[in-house]
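Q: Input structure: coords-v7.tsv, which contains TSV, C-alpha atoms and all ligand atoms.
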```tsv
chain	number	residue	atom	x	y	z
A	1	MET	CA	-45.65	118.79	86.51
A	2	ASP	CA	-43.46	121.88	86.69
A	3	ASP	CA	-41.93	120.92	83.35
A	4	LEU	CA	-45.37	120.54	81.77
A	5	ALA	CA	-46.52	123.88	83.16
A	6	ALA	CA	-43.38	125.60	81.83
A	7	LEU	CA	-43.83	123.99	78.39
A	8	ALA	CA	-47.45	125.16	78.18
A	9	ALA	CA	-46.55	128.67	79.36
A	10	GLY	CA	-43.90	128.86	76.64
A	11	ILE	CA	-46.57	128.17	74.02
A	12	ASP	CA	-49.51	130.24	75.30
A	13	PRO	CA	-49.15	132.11	78.62
A	14	ASP	CA	-52.83	133.16	78.45
A	15	ARG	CA	-53.98	129.55	78.75
A	16	PRO	CA	-51.85	127.92	81.46
A	17	LEU	CA	-52.20	124.30	82.55
A	18	GLN	CA	-54.40	123.90	85.60
A	19	PHE	CA	-53.75	121.26	88.23
A	20	GLY	CA	-56.40	119.89	90.55
A	21	ARG	CA	-59.16	117.33	91.00
A	22	SER	CA	-61.66	116.43	88.28
A	23	THR	CA	-65.15	117.85	88.73
A	24	GLY	CA	-66.67	114.65	87.37
A	25	THR	CA	-67.95	116.25	84.16
A	26	ASP	CA	-64.48	116.70	82.67
A	27	LEU	CA	-63.22	114.49	79.87
A	28	HIS	CA	-61.01	111.93	81.61
A	29	VAL	CA	-58.01	110.87	79.52
A	30	HIS	CA	-55.51	108.37	80.89
A	31	VAL	CA	-51.96	107.63	79.84
A	32	GLY	CA	-51.38	104.03	80.88
A	33	THR	CA	-53.13	100.64	80.90
A	34	THR	CA	-55.17	100.98	84.12
A	35	PRO	CA	-57.84	103.51	83.12
A	36	LEU	CA	-60.04	103.40	86.32
A	37	GLY	CA	-62.96	105.19	84.76
A	38	ALA	CA	-61.15	107.12	82.04
A	39	GLY	CA	-63.06	107.75	78.83
A	40	ILE	CA	-60.00	107.30	76.64
A	41	SER	CA	-56.67	105.68	77.47
A	42	GLY	CA	-53.51	105.22	75.49
A	43	VAL	CA	-50.07	103.82	76.01
A	44	PRO	CA	-47.00	103.34	73.82
A	45	ASP	CA	-46.18	99.72	72.95
A	46	GLY	CA	-42.69	99.55	71.44
A	47	HIS	CA	-42.72	102.10	68.60
A	48	GLY	CA	-46.52	101.95	68.36
A	49	VAL	CA	-49.73	102.96	70.09
A	50	ARG	CA	-52.45	101.08	71.97
A	51	LEU	CA	-55.56	103.22	72.44
A	52	ARG	CA	-58.74	102.12	74.20
A	53	ARG	CA	-62.07	103.73	74.98
A	54	ALA	CA	-63.74	102.83	78.28
A	55	GLY	CA	-64.67	99.15	78.57
A	56	HIS	CA	-62.03	97.88	76.15
A	57	PRO	CA	-59.13	96.17	77.98
A	58	PHE	CA	-55.46	96.44	77.04
A	59	PRO	CA	-53.24	93.46	76.16
A	60	THR	CA	-49.78	93.12	77.71
A	61	VAL	CA	-47.56	95.83	76.23
A	62	HIS	CA	-43.81	96.14	75.61
A	63	ARG	CA	-41.66	98.99	76.85
A	64	GLY	CA	-42.44	102.12	74.85
A	65	THR	CA	-39.86	104.01	72.79
A	66	GLY	CA	-39.60	107.73	72.02
A	67	LEU	CA	-41.37	107.11	68.71
A	68	GLY	CA	-44.10	105.17	70.51
A	69	SER	CA	-44.52	107.99	73.04
A	70	VAL	CA	-44.87	110.79	70.47
A	71	TYR	CA	-47.16	108.71	68.23
A	72	THR	CA	-49.34	107.78	71.23
A	73	ALA	CA	-49.57	111.42	72.32
A	74	ALA	CA	-50.60	112.47	68.79
A	75	VAL	CA	-53.20	109.69	68.42
A	76	LEU	CA	-54.61	110.46	71.90
A	77	ALA	CA	-54.76	114.17	71.04
A	78	ALA	CA	-56.76	113.37	67.89
A	79	GLU	CA	-59.29	111.34	69.95
A	80	VAL	CA	-59.59	114.17	72.49
A	81	PHE	CA	-60.12	116.61	69.61
A	82	LYS	CA	-63.08	114.47	68.43
A	83	GLU	CA	-64.60	114.62	71.93
A	84	ILE	CA	-64.30	118.34	72.58
A	85	ILE	CA	-64.88	119.78	69.10
A	86	ASP	CA	-68.30	119.73	67.51
A	87	LEU	CA	-67.42	117.78	64.37
A	88	ALA	CA	-69.95	116.66	61.75
A	89	PRO	CA	-70.96	113.02	62.42
A	90	ASN	CA	-69.93	111.99	58.91
A	91	ARG	CA	-66.50	113.60	59.24
A	92	HIS	CA	-64.99	111.49	62.00
A	93	VAL	CA	-65.10	108.13	63.80
A	94	LYS	CA	-64.51	107.71	67.51
A	95	ARG	CA	-62.43	104.55	67.67
A	96	ASP	CA	-62.84	102.02	70.49
A	97	ARG	CA	-59.30	100.81	69.90
A	98	ILE	CA	-56.28	101.66	67.80
A	99	ASP	CA	-53.30	99.28	67.64
A	100	LEU	CA	-50.63	100.40	65.22
A	101	CYS	CA	-46.85	100.49	64.95
A	102	PRO	CA	-45.66	103.19	62.50
A	103	VAL	CA	-42.63	101.01	61.66
A	104	THR	CA	-44.38	97.77	60.67
A	105	LEU	CA	-47.83	99.30	60.04
A	106	ALA	CA	-49.15	96.27	61.92
A	107	GLU	CA	-49.84	95.49	65.60
A	108	PRO	CA	-47.21	96.97	67.91
A	109	GLY	CA	-44.55	94.58	69.13
A	110	VAL	CA	-40.85	94.35	69.91
A	111	ALA	CA	-39.14	97.52	68.67
A	112	ALA	CA	-36.13	97.56	66.32
A	113	GLU	CA	-33.41	100.10	67.10
A	114	ILE	CA	-32.90	103.21	64.99
A	115	SER	CA	-29.47	103.10	63.33
A	116	ILE	CA	-26.90	105.90	63.45
A	117	LEU	CA	-27.77	108.79	61.11
A	118	ASP	CA	-25.23	109.08	58.29
A	119	HIS	CA	-25.60	111.23	55.18
A	120	HIS	CA	-29.20	111.87	56.22
A	121	VAL	CA	-30.86	115.16	55.29
A	122	LEU	CA	-34.04	116.70	56.66
A	123	ILE	CA	-35.57	119.15	54.18
A	124	GLY	CA	-38.02	121.42	56.00
A	125	ALA	CA	-37.96	122.41	59.68
A	126	GLY	CA	-41.66	123.29	59.92
A	127	ALA	CA	-44.62	121.52	61.52
A	128	ILE	CA	-43.58	118.04	60.30
A	129	GLY	CA	-39.82	118.71	60.43
A	130	THR	CA	-39.86	119.77	64.09
A	131	ALA	CA	-41.99	116.72	64.89
A	132	VAL	CA	-39.43	114.48	63.14
A	133	ALA	CA	-36.72	116.14	65.25
A	134	LEU	CA	-38.72	115.66	68.47
A	135	ILE	CA	-39.06	111.94	67.71
A	136	LEU	CA	-35.35	111.59	66.87
A	137	ARG	CA	-34.48	113.30	70.15
A	138	GLU	CA	-36.83	111.05	72.15
A	139	LEU	CA	-35.29	107.99	70.43
A	140	SER	CA	-31.83	109.23	71.55
A	141	ALA	CA	-30.75	109.09	67.90
A	142	THR	CA	-27.09	109.86	67.13
A	143	GLY	CA	-25.01	110.63	64.05
A	144	THR	CA	-25.05	113.49	61.57
A	145	LEU	CA	-28.12	115.16	60.09
A	146	ALA	CA	-28.13	118.04	57.62
A	147	VAL	CA	-31.17	120.30	58.10
A	148	VAL	CA	-32.30	122.58	55.25
A	149	ASP	CA	-34.80	125.41	55.75
A	150	PRO	CA	-34.45	129.08	54.72
A	151	GLU	CA	-37.07	130.54	57.09
A	152	SER	CA	-37.05	132.05	60.57
A	153	PHE	CA	-39.08	130.77	63.50
A	154	GLU	CA	-41.91	133.19	64.30
A	155	GLU	CA	-44.80	133.54	66.71
A	156	PRO	CA	-47.52	131.89	64.54
A	157	ASN	CA	-45.30	128.77	64.37
A	158	VAL	CA	-45.28	128.26	68.14
A	159	ALA	CA	-48.70	126.59	68.40
A	160	THR	CA	-48.27	124.33	65.36
A	161	TYR	CA	-44.64	123.19	65.67
A	162	SER	CA	-43.39	120.46	68.01
A	163	LEU	CA	-40.30	122.40	69.11
A	164	GLY	CA	-39.64	126.06	69.90
A	165	ASP	CA	-41.45	128.46	72.22
A	166	LEU	CA	-42.42	132.15	72.34
A	167	ALA	CA	-38.97	133.12	73.59
A	168	ALA	CA	-37.35	131.53	70.52
A	169	ALA	CA	-39.93	133.21	68.28
A	170	ALA	CA	-39.14	136.60	69.81
A	171	LYS	CA	-35.53	136.14	68.69
A	172	ARG	CA	-36.66	135.10	65.19
A	173	LEU	CA	-34.05	132.37	65.14
A	174	PRO	CA	-33.50	130.50	61.88
A	175	LYS	CA	-35.68	127.37	62.01
A	176	VAL	CA	-32.59	125.20	61.52
A	177	ASP	CA	-31.23	126.58	64.82
A	178	ILE	CA	-34.36	125.46	66.69
A	179	LEU	CA	-33.31	121.93	65.70
A	180	VAL	CA	-29.67	122.53	66.67
A	181	GLN	CA	-30.88	123.61	70.14
A	182	HIS	CA	-33.11	120.59	70.65
A	183	LEU	CA	-30.91	117.82	69.21
A	184	PRO	CA	-27.80	117.80	71.44
A	185	GLY	CA	-27.12	114.14	70.66
A	186	ILE	CA	-26.99	114.67	66.89
A	187	ASP	CA	-24.37	116.55	64.89
A	188	VAL	CA	-26.77	118.89	63.06
A	189	ARG	CA	-25.32	120.50	59.94
A	190	ARG	CA	-27.30	123.70	59.59
A	191	HIS	CA	-28.32	124.96	56.14
A	192	PRO	CA	-30.57	128.04	56.41
A	193	ILE	CA	-31.10	127.97	52.63
A	194	ARG	CA	-33.65	126.70	50.12
A	195	ALA	CA	-33.61	123.09	48.94
A	196	LEU	CA	-32.50	124.31	45.50
A	197	GLU	CA	-29.44	126.06	46.99
A	198	TYR	CA	-28.62	122.91	48.95
A	199	LEU	CA	-28.88	120.98	45.68
A	200	ASN	CA	-26.28	123.34	44.18
A	201	LEU	CA	-23.93	122.65	47.10
A	202	VAL	CA	-24.23	118.92	46.39
A	203	ASP	CA	-23.72	119.46	42.65
A	204	ASN	CA	-20.59	121.53	43.28
A	205	GLY	CA	-19.12	118.91	45.61
A	206	ASN	CA	-19.42	121.16	48.68
A	207	GLU	CA	-21.81	118.76	50.39
A	208	PRO	CA	-21.81	114.96	50.22
A	209	PRO	CA	-24.71	113.57	48.14
A	210	PRO	CA	-27.42	112.51	50.60
A	211	ARG	CA	-28.35	108.84	50.66
A	212	THR	CA	-31.51	109.32	52.71
A	213	VAL	CA	-33.75	112.39	52.58
A	214	LEU	CA	-36.50	113.02	55.11
A	215	GLY	CA	-38.96	115.31	53.33
A	216	ALA	CA	-41.05	117.68	55.45
A	217	VAL	CA	-42.08	120.35	52.95
A	218	ASP	CA	-45.47	121.81	52.07
A	219	SER	CA	-45.41	122.31	48.31
A	220	ILE	CA	-45.12	120.30	45.13
A	221	HIS	CA	-42.39	122.64	43.98
A	222	ALA	CA	-40.20	121.78	46.98
A	223	ARG	CA	-40.87	118.07	46.39
A	224	HIS	CA	-39.60	118.40	42.83
A	225	GLU	CA	-36.43	119.99	44.18
A	226	ILE	CA	-36.02	117.04	46.55
A	227	ALA	CA	-36.45	114.66	43.59
A	228	ARG	CA	-33.46	116.34	41.92
A	229	LEU	CA	-31.23	115.24	44.80
A	230	HIS	CA	-31.58	111.70	43.29
A	231	ALA	CA	-31.25	110.10	46.73
A	232	ASN	CA	-31.41	106.36	47.30
A	233	LEU	CA	-34.29	106.79	49.70
A	234	VAL	CA	-36.75	109.66	50.15
A	235	LEU	CA	-39.30	109.49	52.96
A	236	ASP	CA	-41.73	112.33	52.35
A	237	GLY	CA	-44.23	113.17	55.07
A	238	SER	CA	-47.32	115.24	54.36
A	239	THR	CA	-50.51	116.60	55.81
A	240	GLY	CA	-53.45	117.57	53.65
A	241	GLY	CA	-57.12	117.06	52.97
A	242	ASN	CA	-59.80	119.73	53.31
A	243	VAL	CA	-58.83	120.73	56.84
A	244	GLY	CA	-55.30	119.37	57.09
A	245	THR	CA	-56.17	116.26	59.08
A	246	THR	CA	-55.06	113.72	56.45
A	247	VAL	CA	-51.51	112.43	56.89
A	248	GLY	CA	-49.32	110.67	54.38
A	249	LEU	CA	-45.96	109.14	53.65
A	250	SER	CA	-44.50	108.69	50.17
A	251	GLU	CA	-41.50	106.37	49.86
A	252	ALA	CA	-39.43	107.30	46.84
A	253	THR	CA	-36.08	106.56	45.21
A	254	PHE	CA	-34.02	107.97	42.32
A	255	ALA	CA	-34.82	104.94	40.12
A	256	GLY	CA	-38.55	105.38	40.62
A	257	PRO	CA	-41.04	105.87	41.99
A	258	CYS	CA	-39.51	109.31	42.63
A	259	LEU	CA	-41.36	112.23	44.25
A	260	ARG	CA	-42.28	113.50	40.77
A	261	CYS	CA	-44.08	110.19	40.21
A	262	TYR	CA	-46.11	110.90	43.36
A	263	TYR	CA	-46.60	114.62	42.61
A	264	PRO	CA	-46.56	114.96	38.82
A	265	GLN	CA	-48.16	118.40	38.49
A	266	GLN	CA	-46.30	121.65	38.67
A	267	PRO	CA	-48.38	124.00	40.77
A	268	SER	CA	-49.49	127.23	39.15
A	269	SER	CA	-47.15	130.07	39.97
A	270	LYS	CA	-49.96	132.61	39.96
A	271	GLY	CA	-50.35	133.55	43.59
A	272	GLN	CA	-53.66	134.38	45.21
A	273	SER	CA	-54.17	137.24	47.61
A	274	ALA	CA	-54.06	136.62	51.35
A	275	GLU	CA	-57.79	137.46	51.42
A	276	GLN	CA	-58.60	134.83	48.79
A	277	LEU	CA	-56.54	132.24	50.64
A	278	LEU	CA	-58.26	133.09	53.90
A	279	ALA	CA	-61.69	132.82	52.26
A	280	GLN	CA	-60.76	129.40	50.82
A	281	ALA	CA	-59.33	128.08	54.05
A	282	THR	CA	-62.08	129.32	56.36
A	283	GLY	CA	-65.26	129.76	54.31
A	284	LEU	CA	-65.53	133.38	55.47
A	285	ARG	CA	-66.93	135.73	52.83
A	286	LEU	CA	-64.55	138.16	51.16
A	287	ASP	CA	-66.69	141.17	52.20
A	288	ARG	CA	-66.39	140.05	55.84
A	289	ILE	CA	-62.63	139.62	55.48
A	290	ALA	CA	-62.48	143.17	54.07
A	291	ARG	CA	-63.75	144.44	57.46
A	292	GLY	CA	-60.62	142.92	58.96
A	293	ASP	CA	-60.27	145.09	62.05
A	294	LEU	CA	-63.57	143.84	63.52
A	295	PRO	CA	-63.13	140.88	65.86
A	296	LEU	CA	-64.46	137.46	64.86
A	297	THR	CA	-67.83	136.77	66.50
A	298	LYS	CA	-70.12	133.77	66.90
A	299	ASP	CA	-72.41	135.37	64.31
A	300	ASP	CA	-69.59	135.13	61.78
A	301	LEU	CA	-69.39	131.37	62.35
A	302	ARG	CA	-73.11	130.67	62.14
A	303	GLU	CA	-73.35	130.03	58.41
A	304	LEU	CA	-70.05	128.21	58.04
A	305	SER	CA	-69.48	124.47	57.72
A	306	PRO	CA	-68.68	122.52	60.90
A	307	ASN	CA	-65.07	122.19	59.74
A	308	SER	CA	-64.74	125.94	59.29
A	309	ARG	CA	-66.40	126.58	62.65
A	310	ARG	CA	-63.95	124.20	64.30
A	311	LEU	CA	-61.02	125.89	62.60
A	312	LEU	CA	-62.15	129.38	63.58
A	313	SER	CA	-63.64	128.80	67.03
A	314	ALA	CA	-60.20	129.14	68.62
A	315	HIS	CA	-59.95	132.64	67.16
A	316	LEU	CA	-63.21	134.17	68.44
A	317	GLY	CA	-62.69	137.72	69.64
A	318	ARG	CA	-59.57	138.28	67.57
A	319	PRO	CA	-59.50	140.65	64.57
A	320	VAL	CA	-60.18	138.90	61.27
A	321	CYS	CA	-57.18	140.57	59.63
A	322	GLY	CA	-54.90	138.60	61.96
A	323	LEU	CA	-56.40	135.26	60.92
A	324	ALA	CA	-54.27	134.70	57.84
A	325	ARG	CA	-51.21	134.96	60.02
A	326	ALA	CA	-52.68	132.98	62.89
A	327	LEU	CA	-53.62	130.19	60.48
A	328	ASP	CA	-50.15	130.34	58.95
A	329	LEU	CA	-51.53	131.27	55.52
A	330	THR	CA	-49.01	133.96	54.70
A	331	ALA	CA	-45.78	133.78	52.72
A	332	ARG	CA	-46.34	130.34	51.22
A	333	PRO	CA	-44.62	129.62	47.94
A	334	ASP	CA	-47.52	127.52	46.62
A	335	PRO	CA	-50.61	128.84	48.34
A	336	GLY	CA	-52.98	126.65	46.37
A	337	GLN	CA	-51.49	123.58	48.03
A	338	PHE	CA	-51.46	124.88	51.54
A	339	ARG	CA	-53.64	123.81	54.48
A	340	PRO	CA	-53.29	125.10	58.05
A	341	SER	CA	-51.26	122.64	60.07
A	342	ILE	CA	-52.66	120.76	63.03
A	343	VAL	CA	-50.01	119.59	65.41
A	344	PHE	CA	-51.39	116.08	66.04
A	345	ALA	CA	-51.57	115.51	62.27
A	346	ALA	CA	-48.02	116.79	61.71
A	347	GLN	CA	-46.79	114.51	64.50
A	348	GLN	CA	-48.56	111.46	63.07
A	349	ALA	CA	-47.04	112.22	59.64
A	350	ALA	CA	-43.61	112.57	61.28
A	351	ALA	CA	-44.11	109.23	63.04
A	352	LEU	CA	-44.73	107.60	59.64
A	353	VAL	CA	-41.48	109.19	58.35
A	354	VAL	CA	-39.33	108.02	61.26
A	355	GLY	CA	-41.13	104.66	61.33
A	356	ALA	CA	-40.22	104.12	57.67
A	357	LEU	CA	-36.63	105.18	58.41
A	358	ILE	CA	-36.36	102.45	61.05
A	359	ARG	CA	-38.05	99.90	58.80
A	360	HIS	CA	-35.63	100.53	55.94
A	361	ASN	CA	-32.71	99.52	58.17
A	362	THR	CA	-34.05	95.99	58.02
A	363	HIS	CA	-35.95	96.11	54.68
A	364	PRO	CA	-33.69	98.21	52.41
A	365	GLU	CA	-34.99	96.56	49.24
A	366	SER	CA	-38.61	97.73	49.29
A	367	ILE	CA	-39.18	101.41	48.44
A	368	SER	CA	-42.64	102.07	47.16
A	369	ARG	CA	-45.15	102.34	49.97
A	370	ASP	CA	-47.73	105.10	49.66
A	371	ILE	CA	-49.48	105.56	53.01
A	372	GLU	CA	-52.42	107.84	53.72
A	373	TYR	CA	-55.09	108.08	56.39
A	374	ASP	CA	-57.30	110.76	57.93
A	375	THR	CA	-56.47	111.33	61.60
A	376	LEU	CA	-60.17	112.05	62.25
A	377	TYR	CA	-60.86	108.40	61.32
A	378	GLY	CA	-57.56	106.92	62.50
A	379	PRO	CA	-55.36	104.37	60.72
A	380	GLN	CA	-57.42	102.01	58.52
A	381	PRO	CA	-56.88	98.75	56.65
A	382	GLY	CA	-56.13	99.70	53.04
A	383	MET	CA	-54.18	102.83	53.98
A	384	VAL	CA	-51.01	101.35	52.42
A	385	GLN	CA	-50.67	101.08	48.66
A	386	LYS	CA	-47.77	100.06	46.48
A	387	ARG	CA	-46.61	102.72	44.04
A	388	ASN	CA	-44.90	102.11	40.70
A	389	ALA	CA	-42.86	104.63	38.74
A	390	ARG	CA	-44.80	106.57	36.09
A	391	HIS	CA	-43.53	105.45	32.70
A	392	ASN	CA	-43.30	109.04	31.36
A	393	CYS	CA	-41.62	110.48	34.48
A	394	THR	CA	-38.08	111.84	34.16
A	395	CYS	CA	-36.84	109.14	36.57
A	396	GLN	CA	-37.66	106.67	33.74
A	397	THR	CA	-37.03	108.71	30.58
A	398	ASP	CA	-33.73	110.19	31.91
A	399	ALA	CA	-32.58	107.17	33.90
A	400	LYS	CA	-29.12	107.08	32.27
A	401	LEU	CA	-28.56	110.81	32.86
A	402	ILE	CA	-29.58	110.47	36.52
A	403	GLN	CA	-27.10	107.59	36.96
A	404	ASP	CA	-24.37	109.81	35.48
A	405	VAL	CA	-25.25	112.72	37.80
A	406	ARG	CA	-25.15	110.42	40.82
A	407	ALA	CA	-21.78	108.98	39.76
A	408	ARG	CA	-20.32	112.48	39.23
A	409	ARG	CA	-21.55	113.69	42.65
A	410	ASN	CA	-20.06	110.62	44.33
A	411	ARG	CA	-16.68	111.23	42.62
A	412	HIS	CA	-16.79	114.88	43.80
A	413	SER	CA	-17.46	113.92	47.39
A	414	THR	CA	-14.72	111.26	47.61
A	415	SER	CA	-12.04	113.26	45.80
B	1	ZN	ZN	-40.44	109.55	38.81
```
Could I get this file's structure written as structure tokens?

A:
Amino acid sequence: MDDLAALAAGIDPDRPLQFGRSTGTDLHVHVGTTPLGAGISGVPDGHGVRLRRAGHPFPTVHRGTGLGSVYTAAVLAAEVFKEIIDLAPNRHVKRDRIDLCPVTLAEPGVAAEISILDHHVLIGAGAIGTAVALILRELSATGTLAVVDPESFEEPNVATYSLGDLAAAAKRLPKVDILVQHLPGIDVRRHPIRALEYLNLVDNGNEPPPRTVLGAVDSIHARHEIARLHANLVLDGSTGGNVGTTVGLSEATFAGPCLRCYYPQQPSSKGQSAEQLLAQATGLRLDRIARGDLPLTKDDLRELSPNSRRLLSAHLGRPVCGLARALDLTARPDPGQFRPSIVFAAQQAAALVVGALIRHNTHPESISRDIEYDTLYGPQPGMVQKRNARHNCTCQTDAKLIQDVRARRNRHSTS
């Protein structure tokens, strides 16, 4: 309990954990299979989750893994979110049960081991990237992992990332160093640079060509840079949708489908102002945003959609001009693509990434799953589709050239 209290204090000292007896009107959430009156219960089963609302019994479960634990926590958090936030009835479903393994995308069962990391690269140490790292740590993963991210860890990241606290933010450490700190069992090769600069290192033979890329970026532009690494396997996690609650995984490979096949459009490079972004993300009117030093009030929320009210209710009493920063809307390379991150969504996306990594140890031949579901509805049948390469994508039209580039990089790295 001391550890939990310290963790919470490191994220938000103004809202500490409270310990004590339930008053009877509280929402009762149980971690385990013997709920005894709990409204919602969840437990890891192997790499997966078993979630039950009151009155729905659990089957016998296997020993949970680190992936199962983080995925269960994220799925439980999403169900709690639905209970305590006033969401529109048509925008969510409270599930009586969820049974899903992010490795097999079927019922949880006996868990396969994660293999030693070797020539693996994580591009992006943000909301999804830190969640990937948390899961790798909890799985006691070993080996080498290159981590690429040019940014520093700052205060607005603390509430949306899975690693790092206010003390780390005060030091403005490079995000890659947050991962170095939290992954003692993995040889982390730190690259506080952009994906494009990392690509140049590979091209010049200064870095070995990555075989497996874990993508945790938030723009189409960055995904196109990842595609140019021409890796055997790319597992790209994403969050999106109107309010950032949709999670996805794109499985890609140099021979197609590549990440350009999944994300064919180049985003417009014409940036919008922070005020325009804030208006888009929150529904607040531009003339209200212009009076930025006035604190956000309940009156401001009255005419907004339920989603916007939910997004903003945590910021009541704070000046509107601080919202863009609080919602992590500033300094994005492709603002049109950006949605504020929600930690349980980022963690579910990360679980899909690591789940696919484990699956490809035993199923290396199949690379084309396109997975997407909204965490406010939970995993659904039909959330997995098979993707084919686009016939006019460069992975098809320049296939010979890409083979040559790969061969040259491999010669570089072995010479
Ligand atoms: Zn392609």

Q: Quick one: pull the distance between atom CA of A:Pro319 and atom CA of A:Leu301, Å, one decimal.

A: 13.7 Å

Q: Go through A:Gln403, A:Ala351, A:Glu207, A:Leu122 and flag the residue nearest A:Val103, using only C-alpha atoms for the distances.

A: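 Closest candidate: A:Ala351.
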
Q: The residues within 9 Å of (-31.9, 130.5, 57.3), using only C-alpha atoms and the coordinates of the file, should be reported as a VMD selection string; which are they?

A: chain A and resid 148 to 152 173 to 177 190 to 194

Q: Quick one: everything within 12 Å of A:Ala38, counting all atoms listed in the file, minus sequence neighbours fewer than 5 positions away in the same chain. Send it as a PyMOL selection string.

A: chain A and resi 22+24-33+51-57+80

Q: Between A:Cys261, A:Leu17, A:Ala324, A:Leu136, which is the closest to ligand ZN 1 (chain B) once you count all atoms listed in the file?

A: A:Cys261

Q: Within 6 Å of ligand ZN 1 (chain B), counting all atoms listed in the file, which protein or nucleic acid residues do you find, written as an NGL selection string?

A: :A and (256-258 or 260-261 or 389-390 or 393-395)

Q: Please give the centre and size of the box around stretch 202-206 of chain A (axis-aligned, containing every atom listed in the file, 6 Å added per side), with values in Å to one decimal and written as JSON.

A:
```
{"center_x": -21.7, "center_y": 120.2, "center_z": 45.7, "size_x": 17.1, "size_y": 14.6, "size_z": 18.0}
```

Q: Which residues are close to A:Val61, i.e. within 10 Å by only C-alpha atoms, leaving aside same-chain residues fewer than 4 positions away? Reply as a PyMOL selection string.

A: chain A and resi 33+43-46+49-50+108-110

Q: For a quick check of understanding, using all atoms listed in the file, which of A:Ala407, A:Val147, A:Ala112, A:Ala168 has the smallest distance to A:Ile11?

A: A:Ala168

Q: Which residue out of A:Thr142, A:Thr282, A:Ser69, A:Asn388 has the minimum interatomic distance to A:Ser305 when only C-alpha atoms are used?

A: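 The shortest atom-to-atom distance to A:Ser305 comes from A:Thr282.
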
Q: With only C-alpha atoms as the basis for distance, which of A:Gln347, A:Gln396, A:Ser219, A:Ser366 is at the shortest distance from A:Ile123?

A: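 Answer, going by the shortest atom-to-atom distance: A:Ser219.
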
Q: Pick out the closest residue to A:Ile128 from this set: A:Pro210, A:Pro89, A:Gly248, A:Pro306. Count all atoms listed in the file.

A: A:Gly248

Q: Which neighbours of A:Phe19 fall inside 12 Å, counting all atoms listed in the file, when residues of the same chain fewer than 2 positions from it are skipped, and could you give them as a PyMOL selection string?

A: chain A and resi 1-2+4-5+16-17+21-23

Q: At a cut-off of 10 Å, using only C-alpha atoms, what residues contact stretch 239-246 of chain A? Leave out same-chain residues fewer than 3 positions from it and give the result as a VMD selection string.

A: chain A and resid 78 127 to 128 216 to 218 249 281 to 282 307 to 308 310 to 311 337 to 350 372 to 378

Q: Dump as a list of chain:residue names all residues having an atom at most 7 Å from (-26.7, 114.3, 41.3), computed in the file's coordinates with all atoms listed in the file.

A: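 Residues with an atom close enough to that point: A:Asp203, A:Leu229, A:His230, A:Ile402, A:Val405, A:Arg406, A:Arg408, A:Arg409.
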
Q: What does the distance between atom CA of A:Gly126 and atom CA of A:Leu163 come to in Å, to one decimal place?

A: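 Atom CA of A:Gly126 sits 9.3 Å away from atom CA of A:Leu163.
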
Q: What is the atom CA of A:Pro102 to atom CA of A:Ala159 distance in Å?

A: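 Taking atom CA of A:Pro102 and atom CA of A:Ala159, their separation equals 24.3 Å.
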
Q: I'd like the contact shell of stretch 181-184 of chain A - 10 Å cut-off, only C-alpha atoms, skipping same-chain residues fewer than 2 positions apart - returned as a list in words.

A: Thr130, Ala133, Leu134, Leu136, Arg137, Glu138, Ser140, Ala141, Thr142, Leu145, Leu163, Gly164, Val176, Asp177, Ile178, Leu179, Ile186, Asp187 and Val188 of chain A
